Amino acid sequence: MEAFGPVMLYLLQVEEDEKKDKPNLKHRRHLRQSPSSQKPRPKPKRPPSQKPQVISIRRPRIFRERTGMEGLTDEEVMERFRLSKRNIVDLYELIRADIDPLTQRSHAIPGIVKLLNCLHFFCSGSFQTKASAIGGVSQSTFSRFLVPVIQALKKHVHTFICFPTDRAGWQQLKNGFYSVAGIPHVMGVLDCIHIALSAPHEREEIYRNKKGYHSVNVQMIVDSNCRILSLFSAFPGSSPNSSILRQSSVYEGFESGRLSGGWLVGGSGYACRPWLMTPVPEPSTPAELSYNEAHASTRAIIDKTFKTLKSRFKCLDKSGGGLQYDPTKVSDIIVACCILHNISILHSMSPKTEEPPEEKPDDPPAAGNAHDIRSQIIKDHFSCR
């Protein structure tokens, strides 16, 4: 046992040394660990940066001087609005319920200002920006009240654009035409007018007319004083005049007999009908030549109406570049201008004429073939000239 004494002591010494070395190994392993496994040290927080303080100053509202008739002479009012002061006031009273502001704010736009701005726009033919600047409102404001004013005028379209409602009215209408060139029983002159507009975004090609520009084709019937009796403004520029007529209420009225007792006068582009007298295509007798001359003189009334309409309301004239709106809105503007045109006629603003001679009280030829009726008119009224 003594021989093993030193050996056992040596083993015990080695075991004690290993125990002493274990903490050092753990420390070395800890040092060998990857940096990613170590928890990152928190970064020191920077003091919050002070943002510059912005002081908001409200922009003051600017109220422009608005259009009015105060300070304008009667001649200046007529030149700017194409209506007299009395006519404008009467028109405003008629539509004020639809255009007066609903709010009680002190700076709400009065209805009379809206009406005057729209009248100036129709008469000047300027763009909205220029028309609104002259009227004392912004362009966006003008755009908002333009449609309500037009719609307010359209509510009274059947009051100002209509055929006579009684026998005396029809007889007065016929007397007026008879005094022009001697054609009896004329109930109106029929034709179409093109109103230029910018190229629509949809179906642009159907609005291009024969002359190459985009337009709305408008059918009108007028009396001997250039007053509009019937208006149909819903067709693209490429639509033929005869096609528009067939789709109008006037065509249905004459075909059904609701409108009777005479005929319309139309150009050679229309087919001759018992209620629509056209010129003789190839006149061969003095009577037919006289009839064609009388027909041309009578038909010239509607050409005069078109010229008056475009000169009075520059927005309808192609020289201004055409209306920059969609076809529906253009049609509404045309209706509004025609109503204003008739108002000026009704208030004796057109040149006055002498009292026309009364038409002979003979009855119109009985319904029959259109060419036979025209031949009878030529025989009875133009063969002795």
# chains A, B, ... in the order shown; residues from 1 in each chain; ligands from 1
>>> select_by_dssp(residues="range 69-305 of chain A", states="strand (DSSP E or B)", output="NGL selection string")
:A and (186-197 or 208 or 214-222 or 228-236 or 263-265 or 273 or 276-277)
>>> closest_atom_pairs(of="range 69-118 of chain A", to="range 311-334 of chain A", cutoff="10 Å", atoms="only C-alpha atoms", output="tab-separated table")
residue	atom	partner	partner_atom	distance
A:Glu79	CA	A:Arg312	CA	9.5
A:Phe81	CA	A:Arg312	CA	9.2
A:Arg82	CA	A:Arg312	CA	6.9
>>> closest_atom_pairs(of="range 181-231 of chain A", to="range 270-286 of chain A", cutoff="10 Å", atoms="only C-alpha atoms", output="tab-separated table")
residue	atom	partner	partner_atom	distance
A:Val186	CA	A:Met277	CA	9.0
A:Met187	CA	A:Trp275	CA	9.3
A:Gly188	CA	A:Leu276	CA	9.7
A:Val189	CA	A:Leu276	CA	9.3
A:Leu190	CA	A:Leu276	CA	8.8
A:Asp191	CA	A:Tyr270	CA	9.2
>>> atom_distance(atom1="CA of Glu205 in chain A", atom2="CA of Phe235 in chain A")
12.9 Å
>>> atom_distance(atom1="CA of Glu252 in chain A", atom2="CA of Asp303 in chain A")
24.7 Å
>>> closest_residue(among="A:Gly269, A:Pro200, A:Gly68, A:Gly182", to="Leu245 in chain A", atoms="only C-alpha atoms")
A:Gly269
>>> closest_residue(among="A:Leu259, A:Ala294, A:Ile228, A:Ile112", to="Asn342 in chain A", atoms="only C-alpha atoms")
A:Ile228
>>> atom_distance(atom1="CA of His156 in chain A", atom2="CA of Ser230 in chain A")
13.6 Å
>>> closest_residue(among="A:Cys192, A:Val335, A:Ile345, A:Ile99", to="Met220 in chain A", atoms="only C-alpha atoms")
A:Cys192
>>> select_by_dssp(residues="range 245-296 of chain A", states="helix (DSSP H, G or I)", output="PyMOL selection string")
chain A and resi 245-246+249-256+286-296
>>> closest_residue(among="A:Ser256, A:Ser268, A:Asn225, A:Thr73", to="Ser242 in chain A", atoms="only C-alpha atoms")
A:Ser268
>>> closest_residue(among="A:Ala287, A:Lys114, A:Cys226, A:Asn292", to="Thr308 in chain A", atoms="only C-alpha atoms")
A:Cys226
>>> residues_around(residues="Tyr213 in chain A", least_positions_apart="6", cutoff="9 Å", atoms="only C-alpha atoms", output="number ranges by chain")
A: 196-199, 207, 237
>>> decode(residues="range 197-321 of chain A", atoms="C-alpha atoms", output="mmCIF file, in the first residue's frame")
data_model
loop_
_atom_site.group_PDB
_atom_site.id
_atom_site.type_symbol
_atom_site.label_atom_id
_atom_site.label_comp_id
_atom_site.auth_asym_id
_atom_site.auth_seq_id
_atom_site.Cartn_x
_atom_site.Cartn_y
_atom_site.Cartn_z
ATOM 1 C CA LEU A 197 -68.731 74.113 -80.454
ATOM 2 C CA SER A 198 -65.453 72.529 -79.426
ATOM 3 C CA ALA A 199 -64.892 68.909 -80.451
ATOM 4 C CA PRO A 200 -66.782 66.629 -78.029
ATOM 5 C CA HIS A 201 -64.889 63.841 -76.265
ATOM 6 C CA GLU A 202 -67.458 61.215 -77.257
ATOM 7 C CA ARG A 203 -68.566 60.489 -80.842
ATOM 8 C CA GLU A 204 -66.675 63.483 -82.131
ATOM 9 C CA GLU A 205 -67.145 62.522 -85.764
ATOM 10 C CA ILE A 206 -70.950 62.938 -85.816
ATOM 11 C CA TYR A 207 -70.654 66.588 -84.763
ATOM 12 C CA ARG A 208 -68.494 67.529 -87.768
ATOM 13 C CA ASN A 209 -70.720 69.202 -90.354
ATOM 14 C CA LYS A 210 -70.305 69.508 -94.110
ATOM 15 C CA LYS A 211 -68.196 72.647 -93.750
ATOM 16 C CA GLY A 212 -65.644 70.796 -91.652
ATOM 17 C CA TYR A 213 -66.177 72.237 -88.167
ATOM 18 C CA HIS A 214 -68.010 70.797 -85.151
ATOM 19 C CA SER A 215 -71.493 72.104 -84.519
ATOM 20 C CA VAL A 216 -75.001 71.511 -83.211
ATOM 21 C CA ASN A 217 -77.707 71.644 -85.880
ATOM 22 C CA VAL A 218 -80.710 73.641 -84.647
ATOM 23 C CA GLN A 219 -84.123 73.698 -86.347
ATOM 24 C CA MET A 220 -86.184 76.890 -86.083
ATOM 25 C CA ILE A 221 -89.498 78.208 -87.336
ATOM 26 C CA VAL A 222 -89.979 82.001 -87.301
ATOM 27 C CA ASP A 223 -92.744 84.497 -88.083
ATOM 28 C CA SER A 224 -92.565 87.586 -90.297
ATOM 29 C CA ASN A 225 -91.134 89.671 -87.410
ATOM 30 C CA CYS A 226 -88.198 87.272 -86.842
ATOM 31 C CA ARG A 227 -89.804 85.926 -83.669
ATOM 32 C CA ILE A 228 -88.986 82.264 -83.040
ATOM 33 C CA LEU A 229 -92.106 80.069 -82.962
ATOM 34 C CA SER A 230 -90.479 76.640 -82.668
ATOM 35 C CA LEU A 231 -87.026 75.444 -81.643
ATOM 36 C CA PHE A 232 -85.387 72.020 -81.822
ATOM 37 C CA SER A 233 -81.723 72.047 -80.721
ATOM 38 C CA ALA A 234 -80.672 68.500 -79.942
ATOM 39 C CA PHE A 235 -78.904 67.170 -83.047
ATOM 40 C CA PRO A 236 -75.234 66.823 -84.087
ATOM 41 C CA GLY A 237 -73.867 68.891 -86.955
ATOM 42 C CA SER A 238 -73.838 65.984 -89.406
ATOM 43 C CA SER A 239 -77.613 65.463 -89.114
ATOM 44 C CA PRO A 240 -79.537 66.353 -92.313
ATOM 45 C CA ASN A 241 -82.197 69.042 -91.979
ATOM 46 C CA SER A 242 -84.894 66.751 -93.345
ATOM 47 C CA SER A 243 -84.045 64.095 -90.756
ATOM 48 C CA ILE A 244 -84.372 66.609 -87.921
ATOM 49 C CA LEU A 245 -87.769 67.694 -89.242
ATOM 50 C CA ARG A 246 -89.110 64.120 -89.300
ATOM 51 C CA GLN A 247 -88.209 63.702 -85.623
ATOM 52 C CA SER A 248 -89.707 66.990 -84.456
ATOM 53 C CA SER A 249 -93.100 67.622 -82.887
ATOM 54 C CA VAL A 250 -93.897 70.034 -85.742
ATOM 55 C CA TYR A 251 -93.806 67.170 -88.248
ATOM 56 C CA GLU A 252 -96.113 65.087 -86.069
ATOM 57 C CA GLY A 253 -98.455 68.051 -85.579
ATOM 58 C CA PHE A 254 -98.935 68.710 -89.295
ATOM 59 C CA GLU A 255 -99.114 65.045 -90.266
ATOM 60 C CA SER A 256 -101.742 64.326 -87.607
ATOM 61 C CA GLY A 257 -103.794 67.413 -88.426
ATOM 62 C CA ARG A 258 -103.249 69.066 -85.057
ATOM 63 C CA LEU A 259 -101.616 71.949 -86.954
ATOM 64 C CA SER A 260 -103.677 72.881 -90.007
ATOM 65 C CA GLY A 261 -105.042 75.794 -91.987
ATOM 66 C CA GLY A 262 -101.870 76.627 -93.864
ATOM 67 C CA TRP A 263 -98.278 75.609 -94.532
ATOM 68 C CA LEU A 264 -94.674 76.321 -93.772
ATOM 69 C CA VAL A 265 -92.123 77.698 -96.222
ATOM 70 C CA GLY A 266 -88.893 75.728 -96.530
ATOM 71 C CA GLY A 267 -85.824 75.531 -98.751
ATOM 72 C CA SER A 268 -85.072 73.102 -101.540
ATOM 73 C CA GLY A 269 -83.371 70.769 -99.076
ATOM 74 C CA TYR A 270 -86.791 69.663 -97.850
ATOM 75 C CA ALA A 271 -89.310 67.526 -99.700
ATOM 76 C CA CYS A 272 -92.471 69.299 -100.823
ATOM 77 C CA ARG A 273 -95.436 68.328 -98.620
ATOM 78 C CA PRO A 274 -99.055 69.486 -98.363
ATOM 79 C CA TRP A 275 -98.012 71.573 -95.356
ATOM 80 C CA LEU A 276 -94.492 72.525 -96.540
ATOM 81 C CA MET A 277 -94.063 74.665 -99.652
ATOM 82 C CA THR A 278 -90.679 74.504 -101.389
ATOM 83 C CA PRO A 279 -89.489 76.348 -104.535
ATOM 84 C CA VAL A 280 -90.164 74.960 -107.997
ATOM 85 C CA PRO A 281 -86.964 73.107 -109.003
ATOM 86 C CA GLU A 282 -87.009 74.123 -112.677
ATOM 87 C CA PRO A 283 -89.478 76.995 -113.246
ATOM 88 C CA SER A 284 -90.712 77.153 -116.841
ATOM 89 C CA THR A 285 -93.486 79.788 -116.729
ATOM 90 C CA PRO A 286 -93.603 83.424 -115.589
ATOM 91 C CA ALA A 287 -95.980 82.397 -112.805
ATOM 92 C CA GLU A 288 -93.522 79.822 -111.475
ATOM 93 C CA LEU A 289 -90.701 82.372 -111.635
ATOM 94 C CA SER A 290 -92.837 84.861 -109.695
ATOM 95 C CA TYR A 291 -93.647 82.196 -107.118
ATOM 96 C CA ASN A 292 -89.957 81.345 -106.677
ATOM 97 C CA GLU A 293 -89.109 85.034 -106.198
ATOM 98 C CA ALA A 294 -91.852 85.384 -103.594
ATOM 99 C CA HIS A 295 -90.684 82.175 -101.930
ATOM 100 C CA ALA A 296 -87.098 83.488 -101.737
ATOM 101 C CA SER A 297 -88.267 86.801 -100.249
ATOM 102 C CA THR A 298 -90.323 84.993 -97.621
ATOM 103 C CA ARG A 299 -87.563 82.538 -96.803
ATOM 104 C CA ALA A 300 -85.080 85.436 -96.394
ATOM 105 C CA ILE A 301 -86.826 86.254 -93.106
ATOM 106 C CA ILE A 302 -85.259 83.279 -91.358
ATOM 107 C CA ASP A 303 -81.815 84.139 -92.736
ATOM 108 C CA LYS A 304 -82.279 87.595 -91.234
ATOM 109 C CA THR A 305 -83.288 85.964 -87.938
ATOM 110 C CA PHE A 306 -80.114 83.859 -87.875
ATOM 111 C CA LYS A 307 -77.926 86.904 -88.533
ATOM 112 C CA THR A 308 -79.714 88.928 -85.859
ATOM 113 C CA LEU A 309 -79.402 86.092 -83.362
ATOM 114 C CA LYS A 310 -75.658 85.694 -83.906
ATOM 115 C CA SER A 311 -74.971 89.424 -83.899
ATOM 116 C CA ARG A 312 -76.996 89.941 -80.717
ATOM 117 C CA PHE A 313 -75.475 86.957 -78.906
ATOM 118 C CA LYS A 314 -71.821 86.664 -79.883
ATOM 119 C CA CYS A 315 -71.438 83.351 -78.042
ATOM 120 C CA LEU A 316 -73.413 81.704 -80.881
ATOM 121 C CA ASP A 317 -71.162 83.103 -83.602
ATOM 122 C CA LYS A 318 -68.404 80.909 -85.000
ATOM 123 C CA SER A 319 -66.039 83.905 -85.165
ATOM 124 C CA GLY A 320 -65.604 83.623 -81.396
ATOM 125 C CA GLY A 321 -64.174 80.132 -81.724
#
